[in-house]
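Q: Structure file final-v9.cif, mmCIF, C-alpha atoms, is pasted below:
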```cif
data_input
loop_
_atom_site.group_PDB
_atom_site.id
_atom_site.type_symbol
_atom_site.label_atom_id
_atom_site.label_comp_id
_atom_site.auth_asym_id
_atom_site.auth_seq_id
_atom_site.Cartn_x
_atom_site.Cartn_y
_atom_site.Cartn_z
ATOM 1 C CA MET L 1 -22.212 -2.426 15.849
ATOM 2 C CA LYS L 2 -22.244 1.208 14.833
ATOM 3 C CA GLU L 3 -22.164 2.209 11.192
ATOM 4 C CA PRO L 4 -18.789 3.694 10.146
ATOM 5 C CA SER L 5 -18.577 7.466 10.131
ATOM 6 C CA SER L 6 -17.525 9.307 6.976
ATOM 7 C CA THR L 7 -14.045 10.799 6.763
ATOM 8 C CA ALA L 8 -14.138 12.368 3.338
ATOM 9 C CA THR L 9 -11.268 14.798 3.740
ATOM 10 C CA PRO L 10 -7.674 13.682 3.171
ATOM 11 C CA VAL L 11 -5.681 12.953 6.291
ATOM 12 C CA PRO L 12 -2.754 15.383 6.680
ATOM 13 C CA ALA L 13 0.815 14.633 5.724
ATOM 14 C CA ALA L 14 3.271 13.854 8.502
ATOM 15 C CA SER L 15 5.559 16.492 9.863
ATOM 16 C CA GLY L 16 9.215 16.026 8.932
ATOM 17 C CA GLY L 17 8.425 15.039 5.370
ATOM 18 C CA VAL L 18 7.057 16.998 2.460
ATOM 19 C CA ALA L 19 3.450 16.912 1.321
ATOM 20 C CA ALA L 20 4.184 16.715 -2.384
ATOM 21 C CA GLU L 21 2.513 19.101 -4.796
ATOM 22 C CA GLN L 22 2.399 18.137 -8.442
ATOM 23 C CA ALA L 23 4.285 20.273 -10.951
ATOM 24 C CA SER L 24 3.879 20.439 -14.696
ATOM 25 C CA ALA L 25 6.653 18.943 -16.809
ATOM 26 C CA ALA L 26 7.713 22.484 -17.720
ATOM 27 C CA ASP L 27 8.527 23.171 -14.058
ATOM 28 C CA ILE L 28 10.826 20.140 -13.724
ATOM 29 C CA PRO L 29 14.360 19.791 -15.168
ATOM 30 C CA SER L 30 14.732 17.696 -18.302
ATOM 31 C CA LEU L 31 15.895 14.088 -18.175
ATOM 32 C CA GLU L 32 17.139 14.231 -21.758
ATOM 33 C CA GLY L 33 20.230 12.065 -22.126
ATOM 34 C CA LYS L 34 19.490 10.258 -18.847
ATOM 35 C CA THR L 35 18.464 6.646 -18.340
ATOM 36 C CA VAL L 36 16.322 5.591 -15.393
ATOM 37 C CA GLY L 37 16.002 1.971 -14.324
ATOM 38 C CA ILE L 38 12.718 0.924 -12.742
ATOM 39 C CA ALA L 39 12.318 -2.238 -10.678
ATOM 40 C CA ALA L 40 8.800 -3.011 -9.477
ATOM 41 C CA LYS L 41 8.023 -5.936 -7.226
ATOM 42 C CA ASP L 42 4.845 -6.649 -9.165
ATOM 43 C CA ILE L 43 1.947 -5.243 -11.115
ATOM 44 C CA VAL L 44 -0.478 -7.708 -9.569
ATOM 45 C CA HIS L 45 -2.766 -5.116 -8.007
ATOM 46 C CA ASP L 46 -4.027 -1.757 -9.160
ATOM 47 C CA PHE L 47 -1.768 0.279 -6.873
ATOM 48 C CA SER L 48 1.514 -1.142 -8.126
ATOM 49 C CA ARG L 49 0.387 -1.266 -11.765
ATOM 50 C CA VAL L 50 -0.639 2.394 -11.852
ATOM 51 C CA VAL L 51 2.540 3.542 -10.086
ATOM 52 C CA TYR L 52 4.686 1.419 -12.436
ATOM 53 C CA ASP L 53 3.015 2.785 -15.565
ATOM 54 C CA THR L 54 2.960 6.387 -14.359
ATOM 55 C CA VAL L 55 6.606 6.620 -13.363
ATOM 56 C CA GLN L 56 7.637 5.350 -16.799
ATOM 57 C CA GLU L 57 5.361 7.804 -18.546
ATOM 58 C CA ARG L 58 6.713 10.720 -16.515
ATOM 59 C CA VAL L 59 10.376 9.832 -17.123
ATOM 60 C CA GLU L 60 9.689 9.688 -20.860
ATOM 61 C CA GLU L 61 7.672 12.924 -20.704
ATOM 62 C CA LEU L 62 10.744 14.584 -19.191
ATOM 63 C CA GLY L 63 12.887 13.283 -22.059
ATOM 64 C CA GLY L 64 14.542 10.349 -20.318
ATOM 65 C CA GLU L 65 14.937 6.729 -21.345
ATOM 66 C CA VAL L 66 13.449 3.922 -19.285
ATOM 67 C CA ILE L 67 14.649 0.406 -18.483
ATOM 68 C CA ALA L 68 11.635 -1.146 -16.751
ATOM 69 C CA THR L 69 11.305 -4.483 -14.983
ATOM 70 C CA GLN L 70 8.629 -6.050 -12.795
ATOM 71 C CA ALA L 71 9.273 -9.165 -10.755
ATOM 72 C CA GLU L 72 5.832 -10.811 -10.901
ATOM 73 C CA ALA L 73 5.780 -10.755 -7.057
ATOM 74 C CA LYS L 74 8.814 -13.078 -6.933
ATOM 75 C CA GLU L 75 11.349 -11.886 -4.367
ATOM 76 C CA ASN L 76 14.344 -13.552 -6.039
ATOM 77 C CA LYS L 77 13.435 -12.045 -9.401
ATOM 78 C CA HIS L 78 13.104 -8.615 -7.793
ATOM 79 C CA VAL L 79 16.664 -8.975 -6.498
ATOM 80 C CA SER L 80 18.013 -10.119 -9.864
ATOM 81 C CA ASP L 81 16.133 -7.326 -11.652
ATOM 82 C CA VAL L 82 17.866 -4.730 -9.477
ATOM 83 C CA GLU L 83 21.255 -6.392 -10.000
ATOM 84 C CA ASN L 84 20.693 -6.469 -13.770
ATOM 85 C CA LEU L 85 19.853 -2.770 -13.719
ATOM 86 C CA ILE L 86 23.114 -2.043 -11.885
ATOM 87 C CA ALA L 87 25.029 -3.800 -14.667
ATOM 88 C CA GLN L 88 23.394 -1.508 -17.242
ATOM 89 C CA LYS L 89 24.643 1.582 -15.358
ATOM 90 C CA PRO L 90 21.584 3.833 -15.513
ATOM 91 C CA ASP L 91 21.757 7.357 -14.125
ATOM 92 C CA ALA L 92 19.261 6.448 -11.395
ATOM 93 C CA ILE L 93 17.196 3.480 -10.218
ATOM 94 C CA ILE L 94 13.637 3.596 -8.882
ATOM 95 C CA VAL L 95 12.449 0.614 -6.813
ATOM 96 C CA ILE L 96 8.703 0.143 -6.300
ATOM 97 C CA LEU L 97 7.770 -1.922 -3.221
ATOM 98 C CA GLY L 98 9.805 -4.830 -1.929
ATOM 99 C CA ASP L 99 10.793 -6.889 1.099
ATOM 100 C CA THR L 100 13.358 -5.096 3.247
ATOM 101 C CA THR L 101 15.331 -8.192 4.238
ATOM 102 C CA THR L 102 15.408 -9.834 0.821
ATOM 103 C CA LEU L 103 16.142 -6.720 -1.207
ATOM 104 C CA GLY L 104 18.568 -5.039 1.209
ATOM 105 C CA PRO L 105 21.835 -6.525 -0.143
ATOM 106 C CA ALA L 106 20.918 -5.642 -3.739
ATOM 107 C CA LEU L 107 20.185 -2.048 -2.748
ATOM 108 C CA GLU L 108 23.534 -1.877 -0.979
ATOM 109 C CA LYS L 109 25.102 -2.840 -4.320
ATOM 110 C CA VAL L 110 23.245 0.041 -5.972
ATOM 111 C CA ASN L 111 24.786 2.357 -3.408
ATOM 112 C CA GLU L 112 28.262 0.878 -3.891
ATOM 113 C CA ALA L 113 27.935 1.374 -7.654
ATOM 114 C CA GLY L 114 27.316 5.077 -7.075
ATOM 115 C CA ILE L 115 23.875 4.989 -8.681
ATOM 116 C CA PRO L 116 21.284 7.240 -6.988
ATOM 117 C CA LEU L 117 18.477 5.080 -5.609
ATOM 118 C CA PHE L 118 14.880 6.264 -5.324
ATOM 119 C CA THR L 119 12.039 4.231 -3.856
ATOM 120 C CA ILE L 120 8.257 4.224 -3.881
ATOM 121 C CA ASP L 121 6.458 2.870 -0.825
ATOM 122 C CA PHE L 122 9.707 1.227 0.267
ATOM 123 C CA GLN L 123 12.005 2.601 2.954
ATOM 124 C CA SER L 124 15.732 1.967 2.541
ATOM 125 C CA GLU L 125 18.796 3.472 4.161
ATOM 126 C CA TYR L 126 20.298 3.722 0.676
ATOM 127 C CA SER L 127 17.407 5.640 -0.849
ATOM 128 C CA VAL L 128 17.843 9.306 -1.759
ATOM 129 C CA ASN L 129 14.075 9.752 -1.600
ATOM 130 C CA ASN L 130 11.051 7.621 -0.818
ATOM 131 C CA VAL L 131 7.624 8.616 -2.154
ATOM 132 C CA THR L 132 4.835 7.236 -0.018
ATOM 133 C CA SER L 133 1.594 7.887 1.767
ATOM 134 C CA ASP L 134 1.706 8.555 5.498
ATOM 135 C CA ASN L 135 1.290 4.952 6.575
ATOM 136 C CA TRP L 136 1.285 5.860 10.272
ATOM 137 C CA VAL L 137 -1.839 7.927 9.701
ATOM 138 C CA ILE L 138 -3.370 5.275 7.425
ATOM 139 C CA GLY L 139 -2.729 2.568 9.998
ATOM 140 C CA SER L 140 -4.049 4.505 12.968
ATOM 141 C CA THR L 141 -7.087 5.828 11.081
ATOM 142 C CA VAL L 142 -8.152 2.366 9.936
ATOM 143 C CA ALA L 143 -7.513 0.900 13.394
ATOM 144 C CA ARG L 144 -9.475 3.633 15.191
ATOM 145 C CA THR L 145 -12.331 3.276 12.722
ATOM 146 C CA ILE L 146 -12.569 -0.470 13.324
ATOM 147 C CA ALA L 147 -12.424 -0.092 17.090
ATOM 148 C CA GLU L 148 -15.158 2.538 17.097
ATOM 149 C CA ASP L 149 -17.331 0.709 14.549
ATOM 150 C CA ILE L 150 -17.435 -2.398 16.726
ATOM 151 C CA GLY L 151 -18.202 -0.375 19.831
ATOM 152 C CA GLY L 152 -14.790 -0.758 21.428
ATOM 153 C CA GLU L 153 -15.283 -4.453 22.095
ATOM 154 C CA GLY L 154 -14.863 -7.596 20.002
ATOM 155 C CA GLN L 155 -12.474 -9.750 18.005
ATOM 156 C CA ILE L 156 -10.604 -8.910 14.803
ATOM 157 C CA LEU L 157 -9.407 -11.466 12.272
ATOM 158 C CA VAL L 158 -6.092 -10.256 10.847
ATOM 159 C CA PHE L 159 -4.099 -10.984 7.683
ATOM 160 C CA ASN L 160 -0.443 -10.369 8.516
ATOM 161 C CA GLY L 161 1.851 -12.051 6.004
ATOM 162 C CA PHE L 162 4.151 -9.211 4.888
ATOM 163 C CA THR L 163 6.101 -8.007 7.911
ATOM 164 C CA GLY L 164 9.092 -7.186 5.667
ATOM 165 C CA VAL L 165 7.037 -4.804 3.527
ATOM 166 C CA THR L 166 7.381 -1.374 5.130
ATOM 167 C CA PRO L 167 3.811 -0.039 4.615
ATOM 168 C CA CYS L 168 2.308 -3.273 5.950
ATOM 169 C CA ARG L 169 4.651 -3.319 8.930
ATOM 170 C CA ILE L 170 3.769 0.273 9.825
ATOM 171 C CA ARG L 171 0.017 -0.205 9.378
ATOM 172 C CA TYR L 172 0.035 -3.326 11.556
ATOM 173 C CA SER L 173 2.152 -1.611 14.209
ATOM 174 C CA GLU L 174 -0.336 1.253 14.307
ATOM 175 C CA LEU L 175 -3.155 -1.275 14.719
ATOM 176 C CA GLU L 176 -1.402 -2.655 17.797
ATOM 177 C CA VAL L 177 -0.730 0.827 19.206
ATOM 178 C CA VAL L 178 -4.337 1.965 18.781
ATOM 179 C CA LEU L 179 -5.725 -1.188 20.344
ATOM 180 C CA GLU L 180 -3.727 -0.522 23.511
ATOM 181 C CA ASP L 181 -6.468 1.996 24.259
ATOM 182 C CA TYR L 182 -9.211 -0.492 23.409
ATOM 183 C CA PRO L 183 -8.424 -3.348 25.824
ATOM 184 C CA LYS L 184 -11.676 -5.144 25.022
ATOM 185 C CA VAL L 185 -10.720 -5.491 21.355
ATOM 186 C CA LYS L 186 -8.587 -8.550 20.660
ATOM 187 C CA LEU L 187 -6.749 -9.890 17.606
ATOM 188 C CA ILE L 188 -7.677 -13.496 16.867
ATOM 189 C CA GLN L 189 -4.732 -15.903 17.051
ATOM 190 C CA PRO L 190 -3.176 -17.404 15.062
ATOM 191 C CA GLU L 191 -3.208 -14.573 12.536
ATOM 192 C CA LEU L 192 -3.900 -15.379 8.890
ATOM 193 C CA GLN L 193 -1.053 -15.242 6.366
ATOM 194 C CA ASP L 194 -1.854 -13.445 3.127
ATOM 195 C CA LYS L 195 0.212 -14.063 -0.007
ATOM 196 C CA TYR L 196 0.635 -12.557 -3.470
ATOM 197 C CA GLU L 197 -0.223 -15.487 -5.726
ATOM 198 C CA GLY L 198 -3.906 -16.473 -5.857
ATOM 199 C CA THR L 199 -4.609 -13.912 -3.154
ATOM 200 C CA VAL L 200 -8.383 -13.607 -3.459
ATOM 201 C CA GLU L 201 -9.143 -17.323 -3.523
ATOM 202 C CA ASP L 202 -6.600 -18.104 -0.814
ATOM 203 C CA ALA L 203 -8.030 -15.414 1.468
ATOM 204 C CA LYS L 204 -11.556 -16.595 0.756
ATOM 205 C CA GLN L 205 -10.620 -20.121 1.805
ATOM 206 C CA GLN L 206 -8.851 -18.956 4.967
ATOM 207 C CA VAL L 207 -11.813 -16.847 6.002
ATOM 208 C CA ASN L 208 -14.243 -19.684 5.244
ATOM 209 C CA ASP L 209 -12.168 -21.868 7.570
ATOM 210 C CA ALA L 210 -12.275 -19.154 10.234
ATOM 211 C CA LEU L 211 -16.041 -18.798 9.909
ATOM 212 C CA ARG L 212 -16.395 -22.500 10.634
ATOM 213 C CA ARG L 213 -14.163 -22.207 13.707
ATOM 214 C CA PHE L 214 -15.796 -19.081 15.070
ATOM 215 C CA PRO L 215 -19.609 -19.031 15.139
ATOM 216 C CA GLU L 216 -21.729 -15.909 14.832
ATOM 217 C CA GLY L 217 -20.764 -13.236 17.348
ATOM 218 C CA GLU L 218 -17.122 -14.294 17.699
ATOM 219 C CA ILE L 219 -15.657 -12.302 14.768
ATOM 220 C CA ASP L 220 -16.464 -8.616 14.483
ATOM 221 C CA ALA L 221 -14.069 -7.384 11.798
ATOM 222 C CA VAL L 222 -11.355 -8.430 9.348
ATOM 223 C CA TRP L 223 -8.175 -6.337 8.902
ATOM 224 C CA SER L 224 -5.497 -6.408 6.217
ATOM 225 C CA CYS L 225 -2.825 -3.956 5.131
ATOM 226 C CA TRP L 226 -4.132 -4.100 1.536
ATOM 227 C CA ASP L 227 -7.386 -4.673 -0.312
ATOM 228 C CA ILE L 228 -6.845 -7.793 -2.402
ATOM 229 C CA PRO L 229 -7.212 -10.418 0.362
ATOM 230 C CA GLN L 230 -10.162 -8.460 1.706
ATOM 231 C CA ILE L 231 -12.051 -9.003 -1.538
ATOM 232 C CA GLY L 232 -11.863 -12.756 -0.898
ATOM 233 C CA ALA L 233 -12.668 -12.233 2.777
ATOM 234 C CA ALA L 234 -15.790 -10.224 1.957
ATOM 235 C CA GLN L 235 -16.894 -12.806 -0.600
ATOM 236 C CA ALA L 236 -16.696 -15.541 2.023
ATOM 237 C CA ILE L 237 -18.478 -13.475 4.676
ATOM 238 C CA ASP L 238 -21.268 -12.363 2.339
ATOM 239 C CA ALA L 239 -21.854 -15.877 1.029
ATOM 240 C CA ALA L 240 -22.124 -17.144 4.600
ATOM 241 C CA GLY L 241 -24.620 -14.437 5.528
ATOM 242 C CA ARG L 242 -22.397 -13.260 8.387
ATOM 243 C CA ASP L 243 -23.478 -9.624 8.184
ATOM 244 C CA GLU L 244 -22.196 -8.890 11.692
ATOM 245 C CA ILE L 245 -18.611 -8.892 10.329
ATOM 246 C CA LYS L 246 -17.056 -5.768 8.768
ATOM 247 C CA VAL L 247 -14.075 -5.805 6.383
ATOM 248 C CA TYR L 248 -11.385 -3.095 6.147
ATOM 249 C CA GLY L 249 -8.487 -2.697 3.715
ATOM 250 C CA VAL L 250 -6.152 -0.177 2.074
ATOM 251 C CA ASP L 251 -5.393 0.845 -1.547
ATOM 252 C CA ALA L 252 -8.850 1.491 -3.034
ATOM 253 C CA GLU L 253 -8.665 -1.378 -5.496
ATOM 254 C CA PRO L 254 -11.509 -1.160 -8.048
ATOM 255 C CA GLY L 255 -12.980 -4.465 -6.879
ATOM 256 C CA ALA L 256 -12.896 -3.299 -3.278
ATOM 257 C CA LEU L 257 -14.585 -0.008 -4.160
ATOM 258 C CA ASP L 258 -17.331 -1.879 -6.007
ATOM 259 C CA MET L 259 -18.012 -3.930 -2.892
ATOM 260 C CA ILE L 260 -17.935 -0.910 -0.581
ATOM 261 C CA ALA L 261 -20.467 0.775 -2.879
ATOM 262 C CA ASP L 262 -22.768 -2.237 -2.413
ATOM 263 C CA PRO L 263 -24.821 -1.670 0.757
ATOM 264 C CA GLU L 264 -25.209 -5.438 1.162
ATOM 265 C CA SER L 265 -21.450 -6.140 1.138
ATOM 266 C CA SER L 266 -19.413 -6.623 4.296
ATOM 267 C CA PHE L 267 -16.525 -4.644 2.756
ATOM 268 C CA THR L 268 -16.801 -1.493 4.853
ATOM 269 C CA ALA L 269 -13.849 0.820 4.221
ATOM 270 C CA THR L 270 -10.529 1.322 2.453
ATOM 271 C CA VAL L 271 -7.988 4.090 1.905
ATOM 272 C CA ALA L 272 -7.137 5.605 -1.471
ATOM 273 C CA GLN L 273 -3.521 6.434 -2.173
ATOM 274 C CA GLN L 274 -2.588 8.935 -4.870
ATOM 275 C CA THR L 275 -0.989 6.352 -7.117
ATOM 276 C CA THR L 276 -0.590 8.512 -10.227
ATOM 277 C CA ALA L 277 0.821 11.371 -8.185
ATOM 278 C CA MET L 278 3.257 9.000 -6.456
ATOM 279 C CA GLY L 279 4.729 7.802 -9.751
ATOM 280 C CA THR L 280 4.966 11.342 -11.095
ATOM 281 C CA GLN L 281 6.551 12.676 -7.924
ATOM 282 C CA SER L 282 9.253 10.010 -7.905
ATOM 283 C CA ALA L 283 10.253 10.751 -11.509
ATOM 284 C CA ASP L 284 10.266 14.482 -10.733
ATOM 285 C CA ASN L 285 12.520 13.897 -7.735
ATOM 286 C CA VAL L 286 14.949 11.957 -9.939
ATOM 287 C CA ALA L 287 15.020 14.832 -12.427
ATOM 288 C CA LEU L 288 15.600 17.418 -9.705
ATOM 289 C CA PHE L 289 18.367 15.382 -8.118
ATOM 290 C CA LEU L 290 20.193 14.645 -11.360
ATOM 291 C CA SER L 291 20.001 18.323 -12.327
ATOM 292 C CA GLY L 292 21.844 19.247 -9.151
ATOM 293 C CA ALA L 293 18.821 20.606 -7.272
ATOM 294 C CA THR L 294 19.413 18.158 -4.444
ATOM 295 C CA GLU L 295 18.136 20.578 -1.813
ATOM 296 C CA GLU L 296 14.678 20.322 -3.398
ATOM 297 C CA VAL L 297 14.561 16.551 -2.872
ATOM 298 C CA PRO L 298 13.477 15.566 0.671
ATOM 299 C CA THR L 299 14.251 12.235 2.256
ATOM 300 C CA THR L 300 10.537 11.421 2.095
ATOM 301 C CA SER L 301 7.765 12.855 -0.072
ATOM 302 C CA TYR L 302 4.361 12.205 1.493
ATOM 303 C CA LEU L 303 1.134 12.266 -0.486
ATOM 304 C CA GLU L 304 -2.162 12.532 1.318
ATOM 305 C CA PRO L 305 -4.372 9.424 1.459
ATOM 306 C CA VAL L 306 -8.176 9.585 1.484
ATOM 307 C CA PHE L 307 -10.367 7.430 3.717
ATOM 308 C CA ILE L 308 -13.292 5.810 1.892
ATOM 309 C CA ASP L 309 -16.390 4.200 3.372
ATOM 310 C CA LYS L 310 -19.934 3.427 2.295
ATOM 311 C CA ASP L 311 -21.034 7.004 2.883
ATOM 312 C CA ASN L 312 -18.517 8.700 0.592
ATOM 313 C CA VAL L 313 -17.374 6.017 -1.863
ATOM 314 C CA ASP L 314 -19.289 7.403 -4.851
ATOM 315 C CA GLU L 315 -18.174 10.957 -4.136
ATOM 316 C CA VAL L 316 -14.489 10.016 -3.762
ATOM 317 C CA ARG L 317 -14.497 7.806 -6.863
ATOM 318 C CA ASN L 318 -15.858 10.699 -8.844
ATOM 319 C CA GLU L 319 -13.384 13.206 -7.385
ATOM 320 C CA LEU L 320 -10.306 10.993 -7.771
ATOM 321 C CA GLY L 321 -11.350 9.251 -10.985
ATOM 322 C CA ILE L 322 -10.929 5.782 -9.513
#
```
What do you get writing this file as structure tokens?
A:
Amino acid sequence: MKEPSSTATPVPAASGGVAAEQASAADIPSLEGKTVGIAAKDIVHDFSRVVYDTVQERVEELGGEVIATQAEAKENKHVSDVENLIAQKPDAIIVILGDTTTLGPALEKVNEAGIPLFTIDFQSEYSVNNVTSDNWVIGSTVARTIAEDIGGEGQILVFNGFTGVTPCRIRYSELEVVLEDYPKVKLIQPELQDKYEGTVEDAKQQVNDALRRFPEGEIDAVWSCWDIPQIGAAQAIDAAGRDEIKVYGVDAEPGALDMIADPESSFTATVAQQTTAMGTQSADNVALFLSGATEEVPTTSYLEPVFIDKDNVDEVRNELGI
């Protein structure tokens, strides 16, 4: 297998959206006298925790009041959190992540209540604005990197447990699209199912089971739409001495970055999202919208992701402070 090539520059934002540029609080309308409800699916991993904290801080910096909830990765609680926010009649609601099918009816209720809905990394027909990374580019970049790293031939073990989560659905779809042009690269069936609770240990066990089923030379890479299961996957692979297998994730979790920085680790690459900027941008969009500057709020605000591998991990961590 070839060593992964470095892609240190950010991938460009998609056309049709807006590549968000950060503004100082002085450039954004005040939220004084306004209340913003925030409903996060979880703060289990670094991405969601940083976004959750940052959006609250920015709303308060702009003079607004915050009603914040996080559902501990429980879908039913996420739904009830949103419904409870509706009852408190905030001026706007921001939803961070979620399952499209489960959360859809609650978001329809937000719309019916006349409360402007904003989302982060979660596409909804009822959302005024969604702040996200370009997941089509993330998905295709990771997929192309894997295919090239394994020489255009081999088998990929895939975690695919969150088809209702928009970023994961897009990234997996892009994996399938890219592999149409790499007919000698196959996804191992059945695919593994990642989950939120006990993610690292569960993934480690699933990969250990796969390593027993597939001897050396039959697995070339492991893919997931996020980093947390890949930490467990890399632990299992490294402990088994299966250094022919490469691991790829997304989100630039601190634990994943530590493993990528280790030349002996199978964790090969991830993608950093601008988590602080995403939280800030969403709060700014709420402030602009509530001030009447609706023309300044696009349907989607894209922030540029950064691809990270073993060649540039130290440089990117230093530049992004992660």
Q: Counting only C-alpha atoms, what is within 7 Å of Trp226 in chain L, bar same-chain residues fewer than 5 positions away, as a PDB file with C-alpha atoms, in the coordinates of the input?
A:
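The resulting file, out.pdb, is reproduced below:
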```pdb
ATOM      1  CA  GLY L 249      -8.487  -2.697   3.715  1.00  0.00           C
ATOM      2  CA  VAL L 250      -6.152  -0.177   2.074  1.00  0.00           C
ATOM      3  CA  ASP L 251      -5.393   0.845  -1.547  1.00  0.00           C
TER       4      ASP L 251
END
```
Q: Calculate how many Å separate CA of Ile146 in chain L from CA of Glu319 in chain L, rounding to one decimal.
A: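 Separation between CA of Ile146 in chain L and CA of Glu319 in chain L: 24.8 Å.
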Q: Between L:Val50, L:Val82, L:Val316, L:Ile231, which has the minimum distance to Ala113 in chain L (counting only C-alpha atoms)?
A: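 Looking only at the distances to Ala113 in chain L, the closest residue turns out to be L:Val82.
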Q: Which residue out of L:Gly139, L:Gly279, L:Gly154, L:Gly64 has the minimum interatomic distance to Leu187 in chain L when only C-alpha atoms are used?
A: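 When distances to Leu187 in chain L are compared using only C-alpha atoms, the smallest one comes from L:Gly154.
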Q: List as a list in words the protein and nucleic acid residues near Asp238 in chain L, meaning an atom at most 9 Å away when all atoms listed in the file are counted, but skip any in the same chain fewer than 4 places from it.
A: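 The contact residues come out as Ala233, Ala234, Arg242, Asp243, Glu264, Ser265 and Ser266 of chain L.
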Q: So what do you get for CA of Leu97 in chain L versus CA of Thr119 in chain L, distance-wise?
A: 7.5 Å
Q: Can you tell me, as a JSON list (two decimals) with C-alpha atoms, keeping the file's coordinate frame, which residues sit within 7 Å of (1.4, 2.3, -1.4) in the file's frame, using all atoms listed in the file?
A:
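Output (selection30.json):
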```
[["chain", "number", "residue", "atom", "x", "y", "z"],
["L", 47, "PHE", "CA", -1.77, 0.28, -6.87],
["L", 121, "ASP", "CA", 6.46, 2.87, -0.82],
["L", 132, "THR", "CA", 4.84, 7.24, -0.02],
["L", 133, "SER", "CA", 1.59, 7.89, 1.77],
["L", 167, "PRO", "CA", 3.81, -0.04, 4.62],
["L", 251, "ASP", "CA", -5.39, 0.84, -1.55],
["L", 273, "GLN", "CA", -3.52, 6.43, -2.17]]
```
Q: Can you spell out as a ChimeraX atom specification the set of residues that the PyMOL selection byres ((chain L and resi 32-36) around 10) selects in the structure I just provided?
A: /L:29-31,37-39,55-56,59-68,85,88-94,116,283,286-287,290
Q: Between CA of Phe122 in chain L and CA of Ser224 in chain L, what is the spacing in Å?
A: 18.0 Å
Q: Given the PyMOL selection byres ((chain L and resi 253) around 8) and the file above, list the residues it selects as a list in words.
A: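 Applying the PyMOL selection byres ((chain L and resi 253) around 8) to the structure shown produces His45, Asp46, Phe47, Asp227, Ile228, Asp251, Ala252, Pro254, Gly255, Ala256 and Leu257 of chain L.
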Q: Go through the shown structure with the PyMOL selection byres ((chain L and resi 140-144) around 8) and write out the matching residues as a count of residues only.
A: 16
Q: Taking only C-alpha atoms into account, which of L:Ala239, L:Ile156, L:Met278, L:Ala203 comes nearest Ile219 in chain L?
A: L:Ile156
Q: Between L:Lys204, L:His78, L:Leu157, L:Leu288, which residue has the minimum interatomic distance to Ile245 in chain L, considering only C-alpha atoms?
A: L:Leu157
Q: So which one's closest to Ala221 in chain L, L:Val247, L:Ile115, L:Ile260, L:Ala269? Using only C-alpha atoms, please.
A: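 Nearest to Ala221 in chain L: L:Val247.
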Q: Which residue is closest to Lys74 in chain L? Choose from L:Gln155, L:Lys195, L:Phe267, L:Asn130 and count all atoms listed in the file.
A: L:Lys195
Q: Considering all atoms listed in the file, return as a count of residues only whatever protein or nucleic-acid residues lie within 12 Å of range 190-192 of chain L, sequence-local ones (same chain, fewer than 5 positions apart) excluded.
A: 24
Q: Taking all atoms of range 188-199 of chain L that the file lists and extending 8 Å past them on each side, where is the centre of the axis-aligned box and how long are its edges? Answer in Å to one decimal, as AutoDock Vina command-line options.
A:
```
--center_x -3.5 --center_y -15.0 --center_z 5.6 --size_x 24.3 --size_y 20.8 --size_z 38.9
```
Q: Can you tell me, as a list in words, which residues sit within 12 Å of (-10.0, 10.4, -12.3) in the file's frame, using only C-alpha atoms?
A: Gln274, Thr275, Thr276, Ala277, Glu315, Val316, Arg317, Asn318, Glu319, Leu320, Gly321 and Ile322 of chain L
Q: For the residues selected in the previous step, produce a file with C-alpha atoms as a PDB file, in the coordinates of the input.
A:
```
ATOM      1  CA  GLN L 274      -2.588   8.935  -4.870  1.00  0.00           C
ATOM      2  CA  THR L 275      -0.989   6.352  -7.117  1.00  0.00           C
ATOM      3  CA  THR L 276      -0.590   8.512 -10.227  1.00  0.00           C
ATOM      4  CA  ALA L 277       0.821  11.371  -8.185  1.00  0.00           C
ATOM      5  CA  GLU L 315     -18.174  10.957  -4.136  1.00  0.00           C
ATOM      6  CA  VAL L 316     -14.489  10.016  -3.762  1.00  0.00           C
ATOM      7  CA  ARG L 317     -14.497   7.806  -6.863  1.00  0.00           C
ATOM      8  CA  ASN L 318     -15.858  10.699  -8.844  1.00  0.00           C
ATOM      9  CA  GLU L 319     -13.384  13.206  -7.385  1.00  0.00           C
ATOM     10  CA  LEU L 320     -10.306  10.993  -7.771  1.00  0.00           C
ATOM     11  CA  GLY L 321     -11.350   9.251 -10.985  1.00  0.00           C
ATOM     12  CA  ILE L 322     -10.929   5.782  -9.513  1.00  0.00           C
TER      13      ILE L 322
END
```
